[in-house]
Amino acid sequence: MTTIHAKELYGAEYFSVYQPGSAEHQKRLAMYSQEHSRIRELVKTGKVLDVGCGVGDFLNMFGDSAWVKYGIDVSPYALQLASQKHIITTLPETCDNFFDLIVFRGTLQHLDEPITTIKRCIRWLKPGGHMVFLATPNIGGPCYRLFQDLPMLGSSMNFMLVSDKILRNILQNLGLSVLKFHFPYRGSPYARPWRDCFSFGLRCMGVRRSFAFWRNMMECYAQKAAPTSVTLSGAQDNI
């Protein structure tokens, strides 16, 4: 059996939906803008790393004056395009305690070693820094619970799917504080509530079609603990 390597899988054809001016590209940009606004509620400046940055359109939402932008991706084609958008695609030799923000956008399910990658990124995150998971499939929602699949998700490129409860447990076990989850269906550019409810009904009757739905996707915002300083008087109080 022939093995398809990830570098071959994520080539120019895969990223063709990112072509400027296409309807899909416009939806993605609108979604990126909403996600970026939610991130800015937590952190507004610093060094940001996008794990699985693709062609760099999401990182492009971060202003050049406020952010130093790093992106990594398995696709050389994507990194070549990302580097043209003031995105640094080569990591420093030492990354420990380096980044203020690390983003996994639509990436977690594509990683063959997701726990190892998260642990490595926690090491790279500064104390007090934030780790954010965006556009992450959620198997805790009604669609997956009923149908054991997610209508808008292709299965061939996925290694591991998680629910919000599982992701919370993973992150907490690795030492992060989970600040909040957000389920971005309502108000997103992909939501068509009446049509989606109709498609959901058809799926209940066995008719397969692609549609967005409530809680199919999730966002998670977590933080690495900041170091605590113990004063002499504080230490004496505990004696």
# chains A, B, ... in the order shown; residues from 1 in each chain; ligands from 1
call {"tool": "closest_atom_pairs", "arguments": {"of": "range 75-144 of chain A", "to": "range 164-172 of chain A", "cutoff": "10 Å", "atoms": "only C-alpha atoms", "output": "CSV"}}
result
residue,atom,partner,partner_atom,distance
A:Ile115,CA,A:Ile170,CA,8.0
A:Ile118,CA,A:Leu171,CA,8.4
A:Lys119,CA,A:Leu171,CA,9.1
A:Ile122,CA,A:Leu171,CA,9.6
A:Met131,CA,A:Leu171,CA,9.7
A:Phe133,CA,A:Leu167,CA,9.7
A:Thr136,CA,A:Asp164,CA,9.4
A:Pro137,CA,A:Asp164,CA,9.2
A:Asn138,CA,A:Asp164,CA,6.3
A:Ile139,CA,A:Asp164,CA,7.8
A:Gly140,CA,A:Asp164,CA,6.4
A:Gly141,CA,A:Asp164,CA,8.9
call {"tool": "write_last_selection", "arguments": {"atoms": "C-alpha atoms", "output": "PDB file, in the first residue's frame"}}
result
ATOM      1  CA  ILE A 115      -0.530  15.310  23.201  1.00  0.00           C
ATOM      2  CA  ILE A 118       0.622  20.319  23.106  1.00  0.00           C
ATOM      3  CA  LYS A 119       3.212  19.458  25.788  1.00  0.00           C
ATOM      4  CA  ILE A 122       3.293  24.490  26.755  1.00  0.00           C
ATOM      5  CA  MET A 131      -2.958  28.830  24.406  1.00  0.00           C
ATOM      6  CA  PHE A 133      -7.735  26.281  20.142  1.00  0.00           C
ATOM      7  CA  THR A 136     -11.700  22.558  16.586  1.00  0.00           C
ATOM      8  CA  PRO A 137     -14.199  19.745  15.902  1.00  0.00           C
ATOM      9  CA  ASN A 138     -16.268  18.839  18.957  1.00  0.00           C
ATOM     10  CA  ILE A 139     -17.554  15.282  19.381  1.00  0.00           C
ATOM     11  CA  GLY A 140     -19.533  16.371  22.441  1.00  0.00           C
ATOM     12  CA  GLY A 141     -22.226  18.064  20.360  1.00  0.00           C
TER      13      GLY A 141
END
call {"tool": "residues_around", "arguments": {"residues": "Ala191 in chain A", "least_positions_apart": "4", "cutoff": "10 Å", "atoms": "only C-alpha atoms", "output": "PyMOL selection string"}}
result
chain A and resi 184-187+195-196+211-214
call {"tool": "atom_distance", "arguments": {"atom1": "CA of Thr116 in chain A", "atom2": "CA of Asn60 in chain A"}}
result
27.1 Å
call {"tool": "residues_around", "arguments": {"residues": "Gly54 in chain A", "least_positions_apart": "6", "cutoff": "9 Å", "atoms": "only C-alpha atoms", "output": "list in words"}}
result
Tyr10, Phe15, Gly71, Ile72, Asp73, Val74, Ser75, Tyr77, Ala78, Leu79, Leu81 and Ala82 of chain A
call {"tool": "closest_residue", "arguments": {"among": "A:Gly21, A:Val55, A:Gln223, A:Asp50", "to": "Leu174 in chain A", "atoms": "only C-alpha atoms"}}
result
A:Gln223
call {"tool": "closest_residue", "arguments": {"among": "A:Cys53, A:Arg145, A:Gly46, A:Lys69", "to": "Lys126 in chain A", "atoms": "only C-alpha atoms"}}
result
A:Gly46
call {"tool": "select_by_dssp", "arguments": {"residues": "range 19-234 of chain A", "states": "strand (DSSP E or B)", "output": "PyMOL selection string"}}
result
chain A and resi 46-51+67-72+88+99-105+125-138+162+176-182+217-224
call {"tool": "atom_distance", "arguments": {"atom1": "CA of Gly56 in chain A", "atom2": "CA of Gln19 in chain A"}}
result
12.3 Å
call {"tool": "closest_residue", "arguments": {"among": "A:His86, A:Arg28, A:Arg209, A:Lys224", "to": "Gly106 in chain A", "atoms": "only C-alpha atoms"}}
result
A:Arg28
call {"tool": "residues_around", "arguments": {"residues": "Phe62 in chain A", "least_positions_apart": "5", "cutoff": "10 Å", "atoms": "only C-alpha atoms", "output": "VMD selection string"}}
result
chain A and resid 33 36 40 44 to 45 48 57 67 to 69
call {"tool": "closest_residue", "arguments": {"among": "A:Gly154, A:Pro189, A:Pro76, A:Gly129", "to": "Gln34 in chain A", "atoms": "only C-alpha atoms"}}
result
A:Pro189
call {"tool": "select_by_dssp", "arguments": {"residues": "range 34-236 of chain A", "states": "helix (DSSP H, G or I)", "output": "PyMOL selection string"}}
result
chain A and resi 34-40+59-61+76-85+108-110+114-124+142-147+164-173+193-204+232-236
call {"tool": "atom_distance", "arguments": {"atom1": "CA of Gly175 in chain A", "atom2": "CA of Tyr70 in chain A"}}
result
23.8 Å
call {"tool": "closest_residue", "arguments": {"among": "A:Leu49, A:Ile87, A:Leu59, A:Cys197", "to": "Cys143 in chain A", "atoms": "only C-alpha atoms"}}
result
A:Cys197
call {"tool": "closest_residue", "arguments": {"among": "A:Phe183, A:Phe159, A:Tyr221, A:Phe200", "to": "Asp112 in chain A", "atoms": "only C-alpha atoms"}}
result
A:Phe159
call {"tool": "residues_around", "arguments": {"residues": "Asn158 in chain A", "least_positions_apart": "3", "cutoff": "10 Å", "atoms": "only C-alpha atoms", "output": "list in words"}}
result
Thr107, Leu108, Gln109, His110, Leu111, Asp112, Leu153, Gly154, Ser155 and Leu161 of chain A
call {"tool": "write_last_selection", "arguments": {"atoms": "N, CA and C atoms", "output": "compact mmCIF listing (two decimals), in the first residue's frame"}}
result
# COMPACT_ATOMS: atom_id res chain seq x y z
N THR A 107 -6.32 22.64 13.76
CA THR A 107 -5.08 21.87 13.65
C THR A 107 -5.09 20.59 14.46
N LEU A 108 -5.71 20.62 15.63
CA LEU A 108 -5.56 19.54 16.59
C LEU A 108 -5.88 18.17 15.99
N GLN A 109 -6.96 18.10 15.20
CA GLN A 109 -7.38 16.81 14.65
C GLN A 109 -6.43 16.27 13.59
N HIS A 110 -5.57 17.12 13.05
CA HIS A 110 -4.65 16.71 12.00
C HIS A 110 -3.30 16.23 12.54
N LEU A 111 -3.07 16.34 13.84
CA LEU A 111 -1.77 16.00 14.41
C LEU A 111 -1.71 14.51 14.73
N ASP A 112 -0.62 13.86 14.31
CA ASP A 112 -0.48 12.44 14.60
C ASP A 112 -0.01 12.20 16.04
N LEU A 153 -16.97 17.70 8.16
CA LEU A 153 -15.59 17.29 8.42
C LEU A 153 -15.22 16.08 7.58
N GLY A 154 -14.19 16.22 6.75
CA GLY A 154 -13.67 15.08 6.03
C GLY A 154 -12.87 14.20 6.97
N SER A 155 -13.01 12.89 6.85
CA SER A 155 -12.40 11.98 7.81
C SER A 155 -11.00 11.53 7.44
N LEU A 161 -10.20 13.07 17.36
CA LEU A 161 -11.23 14.05 17.62
C LEU A 161 -11.53 14.05 19.12
call {"tool": "decode", "arguments": {"residues": "range 48-175 of chain A", "atoms": "C-alpha atoms", "output": "tab-separated table (two decimals), in the first residue's frame"}}
result
chain	number	residue	atom	x	y	z
A	48	VAL	CA	2.40	34.67	18.64
A	49	LEU	CA	2.86	31.19	17.17
A	50	ASP	CA	0.27	29.63	14.87
A	51	VAL	CA	0.65	25.83	14.85
A	52	GLY	CA	-0.50	24.75	11.41
A	53	CYS	CA	-0.53	28.29	10.05
A	54	GLY	CA	-1.38	27.35	6.48
A	55	VAL	CA	-0.79	30.22	4.08
A	56	GLY	CA	-0.82	32.75	6.94
A	57	ASP	CA	-4.19	34.42	6.45
A	58	PHE	CA	-5.16	34.07	10.11
A	59	LEU	CA	-1.83	35.41	11.39
A	60	ASN	CA	-2.26	38.27	8.94
A	61	MET	CA	-5.05	39.52	11.25
A	62	PHE	CA	-2.42	40.33	13.87
A	63	GLY	CA	-0.92	43.79	13.39
A	64	ASP	CA	2.78	43.98	12.53
A	65	SER	CA	3.40	46.74	15.05
A	66	ALA	CA	1.92	44.89	18.03
A	67	TRP	CA	2.94	41.34	17.23
A	68	VAL	CA	5.96	39.28	16.22
A	69	LYS	CA	4.33	36.53	14.16
A	70	TYR	CA	5.63	32.96	13.87
A	71	GLY	CA	4.00	30.17	11.90
A	72	ILE	CA	4.81	26.48	11.49
A	73	ASP	CA	3.20	24.02	9.10
A	74	VAL	CA	3.91	20.63	7.57
A	75	SER	CA	3.37	22.09	4.08
A	76	PRO	CA	6.39	23.77	2.41
A	77	TYR	CA	3.97	25.29	-0.12
A	78	ALA	CA	1.95	26.98	2.63
A	79	LEU	CA	5.04	28.23	4.46
A	80	GLN	CA	6.37	29.81	1.29
A	81	LEU	CA	3.18	31.87	0.98
A	82	ALA	CA	3.07	32.65	4.69
A	83	SER	CA	6.62	34.01	4.66
A	84	GLN	CA	5.48	36.67	2.18
A	85	LYS	CA	3.13	38.10	4.87
A	86	HIS	CA	5.76	39.13	7.46
A	87	ILE	CA	5.45	35.73	9.16
A	88	ILE	CA	8.58	34.07	10.53
A	89	THR	CA	8.51	30.40	9.53
A	90	THR	CA	11.71	29.28	11.28
A	91	LEU	CA	11.63	28.93	15.06
A	92	PRO	CA	14.48	30.14	17.29
A	93	GLU	CA	16.96	27.51	18.49
A	94	THR	CA	15.56	27.87	22.00
A	95	CYS	CA	11.79	28.41	22.31
A	96	ASP	CA	11.26	27.67	26.01
A	97	ASN	CA	9.15	30.37	27.71
A	98	PHE	CA	9.21	32.37	24.48
A	99	PHE	CA	5.67	32.93	23.17
A	100	ASP	CA	2.89	35.06	24.66
A	101	LEU	CA	0.23	33.31	22.57
A	102	ILE	CA	0.10	29.93	20.81
A	103	VAL	CA	-2.81	29.18	18.51
A	104	PHE	CA	-4.06	25.85	17.17
A	105	ARG	CA	-6.62	26.77	14.52
A	106	GLY	CA	-8.28	23.78	12.89
A	107	THR	CA	-5.08	21.87	13.65
A	108	LEU	CA	-5.56	19.54	16.59
A	109	GLN	CA	-7.38	16.81	14.65
A	110	HIS	CA	-4.65	16.71	12.00
A	111	LEU	CA	-1.77	16.00	14.41
A	112	ASP	CA	-0.48	12.44	14.60
A	113	GLU	CA	0.98	13.13	18.06
A	114	PRO	CA	-1.40	15.76	19.50
A	115	ILE	CA	-0.53	15.31	23.20
A	116	THR	CA	3.21	15.47	22.51
A	117	THR	CA	2.72	18.61	20.42
A	118	ILE	CA	0.62	20.32	23.11
A	119	LYS	CA	3.21	19.46	25.79
A	120	ARG	CA	5.99	20.91	23.63
A	121	CYS	CA	4.00	24.09	23.03
A	122	ILE	CA	3.29	24.49	26.76
A	123	ARG	CA	7.05	24.46	27.28
A	124	TRP	CA	7.39	27.15	24.62
A	125	LEU	CA	4.69	29.31	26.23
A	126	LYS	CA	5.70	32.05	28.63
A	127	PRO	CA	4.37	31.82	32.19
A	128	GLY	CA	1.08	33.71	32.07
A	129	GLY	CA	0.85	33.14	28.30
A	130	HIS	CA	-2.26	31.90	26.52
A	131	MET	CA	-2.96	28.83	24.41
A	132	VAL	CA	-6.01	29.00	22.15
A	133	PHE	CA	-7.74	26.28	20.14
A	134	LEU	CA	-9.98	27.55	17.34
A	135	ALA	CA	-12.15	25.83	14.71
A	136	THR	CA	-11.70	22.56	16.59
A	137	PRO	CA	-14.20	19.75	15.90
A	138	ASN	CA	-16.27	18.84	18.96
A	139	ILE	CA	-17.55	15.28	19.38
A	140	GLY	CA	-19.53	16.37	22.44
A	141	GLY	CA	-22.23	18.06	20.36
A	142	PRO	CA	-25.55	16.57	19.21
A	143	CYS	CA	-24.43	15.69	15.66
A	144	TYR	CA	-21.57	13.46	16.67
A	145	ARG	CA	-23.49	11.91	19.53
A	146	LEU	CA	-26.30	10.92	17.19
A	147	PHE	CA	-24.46	10.14	13.95
A	148	GLN	CA	-20.86	9.39	15.04
A	149	ASP	CA	-19.57	11.89	12.48
A	150	LEU	CA	-19.53	15.62	11.82
A	151	PRO	CA	-21.24	16.66	8.56
A	152	MET	CA	-18.68	19.30	7.48
A	153	LEU	CA	-15.59	17.29	8.42
A	154	GLY	CA	-13.67	15.08	6.03
A	155	SER	CA	-12.40	11.98	7.81
A	156	SER	CA	-9.34	11.08	5.73
A	157	MET	CA	-7.00	13.64	7.30
A	158	ASN	CA	-7.97	13.28	10.96
A	159	PHE	CA	-6.10	11.40	13.67
A	160	MET	CA	-7.95	12.31	16.86
A	161	LEU	CA	-11.23	14.05	17.62
A	162	VAL	CA	-12.08	15.32	21.10
A	163	SER	CA	-15.03	16.76	22.98
A	164	ASP	CA	-14.90	19.91	25.05
A	165	LYS	CA	-14.79	17.75	28.20
A	166	ILE	CA	-11.90	15.66	26.89
A	167	LEU	CA	-9.93	18.74	25.77
A	168	ARG	CA	-10.48	20.40	29.15
A	169	ASN	CA	-9.23	17.27	30.90
A	170	ILE	CA	-6.14	17.05	28.67
A	171	LEU	CA	-5.16	20.67	29.20
A	172	GLN	CA	-5.76	20.63	32.94
A	173	ASN	CA	-3.77	17.41	33.31
A	174	LEU	CA	-0.90	19.12	31.47
A	175	GLY	CA	-0.99	22.04	33.91
